[in-house]
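What follows is model.pdb (PDB, C-alpha atoms and all ligand atoms).
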ATOM      1  CA  MET A 204      -7.583  24.495  -9.445
ATOM      2  CA  ILE A 205      -8.373  20.816  -9.865
ATOM      3  CA  ASP A 206      -7.955  18.156  -7.174
ATOM      4  CA  LEU A 207      -7.050  14.892  -8.913
ATOM      5  CA  HIS A 208      -7.033  12.611  -5.868
ATOM      6  CA  CYS A 209      -9.910  12.666  -3.383
ATOM      7  CA  HIS A 210     -11.951  10.018  -1.587
ATOM      8  CA  VAL A 211     -15.125  12.064  -1.852
ATOM      9  CA  LEU A 212     -17.659   9.359  -2.801
ATOM     10  CA  PRO A 213     -19.778   8.693   0.287
ATOM     11  CA  ALA A 214     -19.970   5.367   2.123
ATOM     12  CA  LEU A 215     -17.764   3.519  -0.333
ATOM     13  CA  ASP A 216     -14.117   3.021   0.619
ATOM     14  CA  ASP A 217     -12.397   4.663   3.593
ATOM     15  CA  GLY A 218     -13.406   8.117   2.365
ATOM     16  CA  ALA A 219     -16.453  10.306   3.023
ATOM     17  CA  LEU A 220     -18.544   8.666   5.730
ATOM     18  CA  ASP A 221     -21.918   9.698   4.324
ATOM     19  CA  LEU A 222     -23.501  12.155   1.908
ATOM     20  CA  GLU A 223     -23.361  15.000   4.429
ATOM     21  CA  ASP A 224     -19.611  14.443   4.795
ATOM     22  CA  ALA A 225     -19.137  14.388   1.008
ATOM     23  CA  ILE A 226     -21.094  17.637   0.623
ATOM     24  CA  ALA A 227     -18.936  19.230   3.323
ATOM     25  CA  MET A 228     -15.862  18.123   1.362
ATOM     26  CA  GLY A 229     -17.369  19.812  -1.690
ATOM     27  CA  ALA A 230     -17.806  22.972   0.370
ATOM     28  CA  GLN A 231     -14.117  22.751   1.348
ATOM     29  CA  ALA A 232     -13.249  22.567  -2.352
ATOM     30  CA  ASP A 233     -15.366  25.651  -3.098
ATOM     31  CA  ALA A 234     -13.789  27.580  -0.239
ATOM     32  CA  ASP A 235     -10.310  26.806  -1.549
ATOM     33  CA  GLY A 236     -11.030  27.736  -5.163
ATOM     34  CA  ILE A 237     -11.066  24.130  -6.396
ATOM     35  CA  THR A 238     -13.464  23.807  -9.330
ATOM     36  CA  ALA A 239     -13.256  20.062  -9.923
ATOM     37  CA  VAL A 240     -12.572  17.108  -7.668
ATOM     38  CA  CYS A 241     -11.686  13.722  -9.069
ATOM     39  CA  ALA A 242     -13.358  10.940  -7.077
ATOM     40  CA  THR A 243     -10.662   8.326  -6.607
ATOM     41  CA  PRO A 244     -11.919   5.437  -4.463
ATOM     42  CA  HIS A 245      -9.440   2.690  -3.650
ATOM     43  CA  ILE A 246      -9.340  -0.027  -6.272
ATOM     44  CA  ARG A 247      -7.647  -2.523  -3.993
ATOM     45  CA  HIS A 248      -8.356  -5.997  -2.642
ATOM     46  CA  ASP A 249      -9.359  -4.704   0.800
ATOM     47  CA  HIS A 250     -12.045  -2.338  -0.523
ATOM     48  CA  ASP A 251     -15.219  -3.607  -2.088
ATOM     49  CA  VAL A 252     -15.612  -1.009  -4.840
ATOM     50  CA  VAL A 253     -17.725  -2.066  -7.840
ATOM     51  CA  ILE A 254     -16.151  -0.314 -10.810
ATOM     52  CA  GLY A 255     -19.325  -0.467 -12.900
ATOM     53  CA  GLU A 256     -21.197   1.571 -10.267
ATOM     54  CA  LEU A 257     -18.748   4.486 -10.144
ATOM     55  CA  GLY A 258     -20.249   6.525 -12.983
ATOM     56  CA  GLY A 259     -23.677   6.443 -11.348
ATOM     57  CA  ARG A 260     -22.275   7.300  -7.926
ATOM     58  CA  VAL A 261     -20.418  10.307  -9.346
ATOM     59  CA  ALA A 262     -23.550  11.517 -11.152
ATOM     60  CA  GLU A 263     -25.539  11.228  -7.903
ATOM     61  CA  LEU A 264     -22.930  13.202  -5.996
ATOM     62  CA  ASN A 265     -22.883  15.922  -8.662
ATOM     63  CA  ASP A 266     -26.666  16.195  -8.312
ATOM     64  CA  ALA A 267     -26.319  16.422  -4.513
ATOM     65  CA  PHE A 268     -23.623  19.107  -4.839
ATOM     66  CA  SER A 269     -25.904  21.162  -7.094
ATOM     67  CA  ALA A 270     -28.835  20.720  -4.723
ATOM     68  CA  HIS A 271     -26.725  21.932  -1.782
ATOM     69  CA  GLY A 272     -25.125  24.906  -3.513
ATOM     70  CA  VAL A 273     -21.693  23.322  -4.024
ATOM     71  CA  SER A 274     -20.132  24.636  -7.229
ATOM     72  CA  ALA A 275     -17.252  22.158  -7.543
ATOM     73  CA  ARG A 276     -17.861  19.337 -10.017
ATOM     74  CA  VAL A 277     -16.984  15.700  -9.390
ATOM     75  CA  ALA A 278     -15.129  13.707 -12.035
ATOM     76  CA  THR A 279     -14.813   9.927 -12.181
ATOM     77  CA  GLY A 280     -11.596   8.113 -11.367
ATOM     78  CA  GLY A 281      -9.998   5.643  -9.033
ATOM     79  CA  GLU A 282      -6.838   5.058  -7.037
ATOM     80  CA  VAL A 283      -5.576   1.814  -8.470
ATOM     81  CA  ALA A 284      -3.251  -0.181  -6.244
ATOM     82  CA  GLU A 285      -0.007  -1.329  -7.833
ATOM     83  CA  THR A 286      -1.031  -4.807  -6.724
ATOM     84  CA  ALA A 287      -4.445  -4.594  -8.428
ATOM     85  CA  ALA A 288      -3.677  -2.992 -11.800
ATOM     86  CA  ASP A 289      -2.647  -6.107 -13.713
ATOM     87  CA  ALA A 290      -5.881  -7.930 -12.890
ATOM     88  CA  LEU A 291      -8.121  -5.173 -14.305
ATOM     89  CA  SER A 292      -9.405  -5.428 -17.867
ATOM     90  CA  ASP A 293      -8.754  -2.589 -20.316
ATOM     91  CA  HIS A 294     -12.434  -1.644 -19.997
ATOM     92  CA  GLU A 295     -12.157  -1.483 -16.197
ATOM     93  CA  LEU A 296      -8.991   0.594 -16.428
ATOM     94  CA  ARG A 297     -10.755   3.050 -18.725
ATOM     95  CA  GLN A 298     -13.628   3.281 -16.228
ATOM     96  CA  VAL A 299     -11.259   4.163 -13.364
ATOM     97  CA  SER A 300      -9.002   6.395 -15.456
ATOM     98  CA  LEU A 301      -8.832   9.971 -14.194
ATOM     99  CA  GLY A 302     -11.795  11.914 -15.533
ATOM    100  CA  GLY A 303     -12.844   8.838 -17.490
ATOM    101  CA  GLY A 304     -10.471  10.158 -20.130
ATOM    102  CA  GLY A 305      -9.207   6.655 -20.789
ATOM    103  CA  ARG A 306      -5.543   7.543 -20.586
ATOM    104  CA  TRP A 307      -4.290   8.316 -17.070
ATOM    105  CA  ILE A 308      -4.311   5.895 -14.113
ATOM    106  CA  LEU A 309      -3.711   7.120 -10.556
ATOM    107  CA  LEU A 310      -1.395   4.397  -9.309
ATOM    108  CA  GLU A 311      -0.966   3.749  -5.597
ATOM    109  CA  PRO A 312       2.438   2.244  -4.781
ATOM    110  CA  ALA A 313       2.507  -0.839  -2.589
ATOM    111  CA  PRO A 314       3.278  -0.112   1.089
ATOM    112  CA  GLY A 315       6.921   0.599   1.902
ATOM    113  CA  ALA A 316       9.661   2.030  -0.270
ATOM    114  CA  LEU A 317       9.137   2.272  -4.025
ATOM    115  CA  GLY A 318      10.337  -0.945  -5.620
ATOM    116  CA  ASP A 319      11.129  -2.432  -9.012
ATOM    117  CA  ARG A 320       7.644  -3.921  -9.176
ATOM    118  CA  LEU A 321       6.221  -0.416  -9.558
ATOM    119  CA  ASP A 322       8.431   0.186 -12.614
ATOM    120  CA  GLY A 323       7.117  -3.035 -14.088
ATOM    121  CA  CYS A 324       3.535  -2.002 -13.396
ATOM    122  CA  VAL A 325       4.021   1.385 -15.103
ATOM    123  CA  GLU A 326       5.592  -0.344 -18.113
ATOM    124  CA  ARG A 327       2.796  -2.896 -18.410
ATOM    125  CA  LEU A 328       0.155  -0.156 -18.181
ATOM    126  CA  ALA A 329       2.014   1.799 -20.870
ATOM    127  CA  ALA A 330       2.025  -1.280 -23.104
ATOM    128  CA  ARG A 331      -1.776  -1.343 -22.727
ATOM    129  CA  GLY A 332      -2.059   2.340 -23.688
ATOM    130  CA  PHE A 333      -2.277   3.910 -20.237
ATOM    131  CA  ARG A 334      -0.044   6.435 -18.526
ATOM    132  CA  SER A 335       0.459   6.513 -14.782
ATOM    133  CA  VAL A 336       0.238   9.205 -12.152
ATOM    134  CA  ILE A 337       2.257   7.983  -9.172
ATOM    135  CA  ALA A 338       0.305   8.809  -5.999
ATOM    136  CA  HIS A 339       1.953  10.241  -2.869
ATOM    137  CA  PRO A 340       5.584   9.069  -3.296
ATOM    138  CA  GLU A 341       6.503  11.006  -0.158
ATOM    139  CA  ARG A 342       4.769   8.228   1.785
ATOM    140  CA  HIS A 343       7.172   5.736   0.256
ATOM    141  CA  ALA A 344      10.380   7.651   0.838
ATOM    142  CA  ALA A 345      13.740   5.903   1.015
ATOM    143  CA  ALA A 346      17.293   6.976   0.232
ATOM    144  CA  ASP A 347      16.774   6.191  -3.461
ATOM    145  CA  LEU A 348      13.441   8.031  -3.830
ATOM    146  CA  ALA A 349      14.671  10.660  -6.311
ATOM    147  CA  PRO A 350      16.430   8.268  -8.738
ATOM    148  CA  ARG A 351      13.445   5.913  -8.603
ATOM    149  CA  LEU A 352      11.061   8.757  -9.434
ATOM    150  CA  ARG A 353      13.372   9.841 -12.248
ATOM    151  CA  ARG A 354      13.154   6.347 -13.762
ATOM    152  CA  LEU A 355       9.370   6.316 -13.485
ATOM    153  CA  VAL A 356       9.143   9.755 -15.112
ATOM    154  CA  ASP A 357      11.475   8.618 -17.889
ATOM    155  CA  ALA A 358       9.042   5.726 -18.428
ATOM    156  CA  GLY A 359       6.197   8.230 -18.974
ATOM    157  CA  ALA A 360       4.733   8.611 -15.481
ATOM    158  CA  LEU A 361       3.897  11.850 -13.698
ATOM    159  CA  VAL A 362       4.246  12.315  -9.934
ATOM    160  CA  GLN A 363       1.511  13.556  -7.547
ATOM    161  CA  VAL A 364       2.380  14.671  -4.030
ATOM    162  CA  THR A 365      -0.030  15.205  -1.140
ATOM    163  CA  ALA A 366      -0.879  18.881  -0.722
ATOM    164  CA  ALA A 367      -1.011  18.793   3.085
ATOM    165  CA  MET A 368       2.579  17.560   3.243
ATOM    166  CA  LEU A 369       3.674  20.900   1.788
ATOM    167  CA  GLU A 370       2.164  22.536   4.867
ATOM    168  CA  HIS A 371       4.074  20.179   7.123
ATOM    169  CA  GLU A 372       7.188  21.692   8.665
ATOM    170  CA  HIS A 373       9.434  18.650   8.186
ATOM    171  CA  ALA A 374       8.009  17.133   4.998
ATOM    172  CA  ALA A 375       7.722  20.357   3.011
ATOM    173  CA  PRO A 376      11.458  20.937   2.391
ATOM    174  CA  VAL A 377      11.843  17.373   1.099
ATOM    175  CA  ILE A 378       8.963  17.814  -1.353
ATOM    176  CA  VAL A 379      10.133  21.248  -2.487
ATOM    177  CA  ASP A 380      13.542  19.701  -3.159
ATOM    178  CA  LEU A 381      11.895  17.013  -5.324
ATOM    179  CA  ALA A 382       9.914  19.723  -7.131
ATOM    180  CA  GLU A 383      13.095  21.669  -7.811
ATOM    181  CA  ARG A 384      14.525  18.489  -9.333
ATOM    182  CA  ARG A 385      11.469  18.435 -11.649
ATOM    183  CA  LEU A 386      10.080  15.325  -9.979
ATOM    184  CA  VAL A 387       6.754  16.779  -8.787
ATOM    185  CA  HIS A 388       4.118  17.405 -11.448
ATOM    186  CA  LEU A 389       0.800  17.391  -9.606
ATOM    187  CA  VAL A 390      -0.516  18.274  -6.153
ATOM    188  CA  ALA A 391      -3.707  16.733  -4.776
ATOM    189  CA  SER A 392      -5.503  16.595  -1.450
ATOM    190  CA  ASP A 393      -6.017  12.828  -1.012
ATOM    191  CA  ALA A 394      -8.713  13.970   1.438
ATOM    192  CA  HIS A 395     -10.846  11.263   3.040
ATOM    193  CA  SER A 396     -13.328  13.228   5.141
ATOM    194  CA  SER A 397     -14.397  16.723   6.177
ATOM    195  CA  ARG A 398     -14.435  15.560   9.769
ATOM    196  CA  GLY A 399     -10.782  14.798  10.252
ATOM    197  CA  GLY A 400      -7.461  14.282   8.522
ATOM    198  CA  ARG A 401      -6.451  16.223   5.433
ATOM    199  CA  PRO A 402      -8.988  18.730   4.072
ATOM    200  CA  VAL A 403      -9.854  19.239   0.410
ATOM    201  CA  ARG A 404      -7.342  22.021   0.081
ATOM    202  CA  LEU A 405      -4.561  22.885  -2.370
ATOM    203  CA  SER A 406      -3.921  26.563  -1.684
ATOM    204  CA  GLY A 407      -1.478  25.971   1.179
ATOM    205  CA  ALA A 408       0.647  23.755  -1.055
ATOM    206  CA  VAL A 409       0.562  26.364  -3.796
ATOM    207  CA  GLU A 410       1.845  28.982  -1.371
ATOM    208  CA  ALA A 411       4.648  26.664  -0.228
ATOM    209  CA  LEU A 412       5.733  25.914  -3.795
ATOM    210  CA  ARG A 413       5.518  29.602  -4.708
ATOM    211  CA  GLU A 414       8.464  30.186  -2.367
ATOM    212  CA  SER A 415      10.698  28.350  -4.820
ATOM    213  CA  PRO A 416      11.771  30.609  -7.712
ATOM    214  CA  SER A 417      12.313  27.622 -10.003
ATOM    215  CA  VAL A 418       8.899  26.054  -9.307
ATOM    216  CA  ARG A 419       6.875  29.287  -9.182
ATOM    217  CA  PRO A 420       6.569  29.736 -12.993
ATOM    218  CA  HIS A 421       4.976  26.267 -13.296
ATOM    219  CA  LEU A 422       2.350  26.497 -10.567
ATOM    220  CA  ASP A 423      -0.549  27.088 -12.926
ATOM    221  CA  TRP A 424       0.465  24.043 -14.970
ATOM    222  CA  ILE A 425       0.750  21.930 -11.808
ATOM    223  CA  VAL A 426      -2.644  22.726 -10.254
ATOM    224  CA  SER A 427      -4.790  23.654 -13.255
ATOM    225  CA  GLU A 428      -3.479  23.070 -16.746
ATOM    226  CA  ALA A 429      -2.046  19.572 -16.345
ATOM    227  CA  PRO A 430      -4.910  18.119 -14.279
ATOM    228  CA  ALA A 431      -7.447  19.506 -16.760
ATOM    229  CA  ALA A 432      -5.611  17.813 -19.636
ATOM    230  CA  ILE A 433      -5.406  14.580 -17.638
ATOM    231  CA  LEU A 434      -9.163  14.587 -16.992
ATOM    232  CA  ARG A 435      -9.692  15.023 -20.731
ATOM    233  CA  GLY A 436      -7.427  12.036 -21.363
ATOM    234  CA  GLU A 437      -4.846  14.065 -23.231
ATOM    235  CA  ASP A 438      -1.195  13.228 -23.464
ATOM    236  CA  LEU A 439       1.087  15.800 -21.948
ATOM    237  CA  GLU A 440       4.680  16.365 -21.050
ATOM    238  CA  PRO A 441       5.869  18.664 -18.259
ATOM    239  CA  PRO A 442       7.105  22.001 -19.618
ATOM    240  CA  PHE A 443       9.941  21.811 -17.097
TER     241      PHE A 443
HETATM  242 FE    FE A 501      -5.795   8.158  -1.779
END

Conversion result in structure tokens:
Amino acid sequence: MIDLHCHVLPALDDGALDLEDAIAMGAQADADGITAVCATPHIRHDHDVVIGELGGRVAELNDAFSAHGVSARVATGGEVAETAADALSDHELRQVSLGGGGRWILLEPAPGALGDRLDGCVERLAARGFRSVIAHPERHAAADLAPRLRRLVDAGALVQVTAAMLEHEHAAPVIVDLAERRLVHLVASDAHSSRGGRPVRLSGAVEALRESPSVRPHLDWIVSEAPAAILRGEDLEPPF
């Protein structure tokens, strides 16, 4: 499995507190059968992330993982705020694209319900040659969530939900319903620390989705095949 959304880089945004914390997150990935974790620090006005440093930081963390017996590999990436995307150059967008593949941008919706501005952002990114992965739409739920996601998907976006929400008694049925409507394409941890909050873990979400007969046949695509293609910067369309 591949985790496409994880704040694993130490002492950078609001993610891993220090190297020890990041290594513990890597150990969580190993324990869950996650072979690659995409480091997606916030690219947002309230976080002082220097895009040009990310490649070096990821290389350092991969070295630290190896030195501490963590098998999972770290890939480059970023979680680009809807409000920040337009101001980034094409070169910067390529640097924060998932896996450095130069194609897919993890796009964080602005706080509150999904709005028309997000559609515009996806369209402008597409005009510049990038496709969007919409991060955690369940956090931006409103009565029109499903039709809004449908429009974004029709515009070429894919949708990533938070794995832990599928282990949440009240949130899980809502997300499974979206998945059965073919509006969930990727599951990621969005973990920020080993010391609290969501762990680097996808297996619980997989088990929850496996309960749905219509989603079950696509689980491998959702947690392995599609994220691998995204990290390589390949175009892909959901087989469902
Ligand atoms: Fe995140």

Go ahead and find all residues with at least one atom no further than 6 Å from (-9.8, 17.7, 1.8) in the file's coordinates, using only C-alpha atoms; report them as an mmCIF file with C-alpha atoms, keeping the file's coordinate frame.
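Below you can see selection_13.cif, which holds the result:
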data_model
loop_
_atom_site.group_PDB
_atom_site.id
_atom_site.type_symbol
_atom_site.label_atom_id
_atom_site.label_comp_id
_atom_site.auth_asym_id
_atom_site.auth_seq_id
_atom_site.Cartn_x
_atom_site.Cartn_y
_atom_site.Cartn_z
ATOM 1 C CA SER A 392 -5.503 16.595 -1.450
ATOM 2 C CA ALA A 394 -8.713 13.970 1.438
ATOM 3 C CA ARG A 401 -6.451 16.223 5.433
ATOM 4 C CA PRO A 402 -8.988 18.730 4.072
ATOM 5 C CA VAL A 403 -9.854 19.239 0.410
ATOM 6 C CA ARG A 404 -7.342 22.021 0.081
#

> Within 9 Å of ligand FE 501 (chain A), counting all atoms listed in the file: which residues, as a list in words?
Replying inline: His208, Cys209, His210, Gly218, Thr243, Pro244, His245, Gly281, Glu282, Glu311, Ala338, His339, Ser392, Asp393, Ala394 and His395 of chain A

Can you check which parts of segment 330-372 of chain A lie within 10 Å of segment 378-391 of chain A? Per residue, the shortest pair of atoms and distance in Å to one decimal, counting all atoms listed in the file, sorted by chain and number, as JSON lines.
{"residue": "A:Val336", "atom": "CA", "partner": "A:Leu389", "partner_atom": "CA", "distance": 8.6}
{"residue": "A:Ile337", "atom": "CA", "partner": "A:Leu389", "partner_atom": "CA", "distance": 9.5}
{"residue": "A:Ala338", "atom": "CA", "partner": "A:Ala391", "partner_atom": "CA", "distance": 9.0}
{"residue": "A:His339", "atom": "CA", "partner": "A:Ala391", "partner_atom": "CA", "distance": 8.8}
{"residue": "A:Pro340", "atom": "CA", "partner": "A:Val387", "partner_atom": "CA", "distance": 9.5}
{"residue": "A:Glu341", "atom": "CA", "partner": "A:Ile378", "partner_atom": "CA", "distance": 7.3}
{"residue": "A:Leu348", "atom": "CA", "partner": "A:Leu381", "partner_atom": "CA", "distance": 9.2}
{"residue": "A:Ala349", "atom": "CA", "partner": "A:Leu381", "partner_atom": "CA", "distance": 7.0}
{"residue": "A:Pro350", "atom": "CA", "partner": "A:Leu386", "partner_atom": "CA", "distance": 9.6}
{"residue": "A:Leu352", "atom": "CA", "partner": "A:Leu386", "partner_atom": "CA", "distance": 6.7}
{"residue": "A:Arg353", "atom": "CA", "partner": "A:Leu386", "partner_atom": "CA", "distance": 6.8}
{"residue": "A:Leu355", "atom": "CA", "partner": "A:Leu386", "partner_atom": "CA", "distance": 9.7}
{"residue": "A:Val356", "atom": "CA", "partner": "A:Leu386", "partner_atom": "CA", "distance": 7.6}
{"residue": "A:Ala360", "atom": "CA", "partner": "A:His388", "partner_atom": "CA", "distance": 9.7}
{"residue": "A:Leu361", "atom": "CA", "partner": "A:His388", "partner_atom": "CA", "distance": 6.0}
{"residue": "A:Val362", "atom": "CA", "partner": "A:Val387", "partner_atom": "CA", "distance": 5.2}
{"residue": "A:Gln363", "atom": "CA", "partner": "A:Leu389", "partner_atom": "CA", "distance": 4.4}
{"residue": "A:Val364", "atom": "CA", "partner": "A:Val390", "partner_atom": "CA", "distance": 5.1}
{"residue": "A:Thr365", "atom": "CA", "partner": "A:Ala391", "partner_atom": "CA", "distance": 5.4}
{"residue": "A:Ala366", "atom": "CA", "partner": "A:Ala391", "partner_atom": "CA", "distance": 5.4}
{"residue": "A:Ala367", "atom": "CA", "partner": "A:Ala391", "partner_atom": "CA", "distance": 8.6}
{"residue": "A:Met368", "atom": "CA", "partner": "A:Ile378", "partner_atom": "CA", "distance": 7.9}
{"residue": "A:Leu369", "atom": "CA", "partner": "A:Ile378", "partner_atom": "CA", "distance": 6.9}

>> I'd like the neighbourhood of Ile237 of chain A as number ranges by chain, where a residue qualifies if any of its atoms comes within 10 Å (using only C-alpha atoms), though same-chain residues fewer than 2 positions away should be ignored.
In response: A: 204-206, 229-235, 239-240, 274-276, 403-406, 426-427

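Nearest residue to Ile226 of chain A among A:Ala242, A:Val273, A:Ile433, A:Val252 is A:Val273, counting only C-alpha atoms.
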
> So which one's closest to Leu317 of chain A, A:Leu222, A:Leu291, A:Ala345, A:Val377? Using all atoms listed in the file, please.
Replying inline: A:Ala345

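In this comparison, which uses all atoms listed in the file, the residue of A:Arg419, A:Ala278, A:Gly399, A:Pro376 approaching Val299 of chain A most closely is A:Ala278.
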
Return as a PDB file with C-alpha atoms, in the coordinates of the input the set of residues that the PyMOL selection byres (((chain A and resi 441) around 9) and not hetatm) yields on the displayed structure.
ATOM      1  CA  LEU A 361       3.897  11.850 -13.698  1.00  0.00           C
ATOM      2  CA  ARG A 385      11.469  18.435 -11.649  1.00  0.00           C
ATOM      3  CA  HIS A 388       4.118  17.405 -11.448  1.00  0.00           C
ATOM      4  CA  TRP A 424       0.465  24.043 -14.970  1.00  0.00           C
ATOM      5  CA  ILE A 425       0.750  21.930 -11.808  1.00  0.00           C
ATOM      6  CA  ALA A 429      -2.046  19.572 -16.345  1.00  0.00           C
ATOM      7  CA  LEU A 439       1.087  15.800 -21.948  1.00  0.00           C
ATOM      8  CA  GLU A 440       4.680  16.365 -21.050  1.00  0.00           C
ATOM      9  CA  PRO A 442       7.105  22.001 -19.618  1.00  0.00           C
ATOM     10  CA  PHE A 443       9.941  21.811 -17.097  1.00  0.00           C
TER      11      PHE A 443
END

> Contacts of Gly318 of chain A at 9 Å or less, counting all atoms listed in the file, minus same-chain residues fewer than 5 places along, as a PyMOL selection string?
Replying inline: chain A and resi 312-313+351

Generate a file of the selected residues that holds C-alpha atoms, formatted as an mmCIF file, in the coordinates of the input.
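Listed below is the output, result_2.cif:
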data_model
loop_
_atom_site.group_PDB
_atom_site.id
_atom_site.type_symbol
_atom_site.label_atom_id
_atom_site.label_comp_id
_atom_site.auth_asym_id
_atom_site.auth_seq_id
_atom_site.Cartn_x
_atom_site.Cartn_y
_atom_site.Cartn_z
ATOM 1 C CA PRO A 312 2.438 2.244 -4.781
ATOM 2 C CA ALA A 313 2.507 -0.839 -2.589
ATOM 3 C CA ARG A 351 13.445 5.913 -8.603
#

> Smallest atom-to-atom distance to Arg247 of chain A: which of A:Leu212, A:Ala225, A:Val261, A:Val283, using all atoms listed in the file?
Replying inline: A:Val283

> Which one of A:Pro314, A:Gly332, A:Gly272, A:Gly359 sits closest to Leu296 of chain A if you count only C-alpha atoms?
Replying inline: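 The shortest atom-to-atom distance to Leu296 of chain A comes from A:Gly332.
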
> Which distance in Å separates atom CA of Leu328 of chain A and atom CA of Ala219 of chain A, to one decimal?
Replying inline: 28.9 Å

> Between A:Leu412, A:Gly436, A:Phe268, A:Thr279, which is the closest to Phe333 of chain A once you count all atoms listed in the file?
Replying inline: A:Gly436
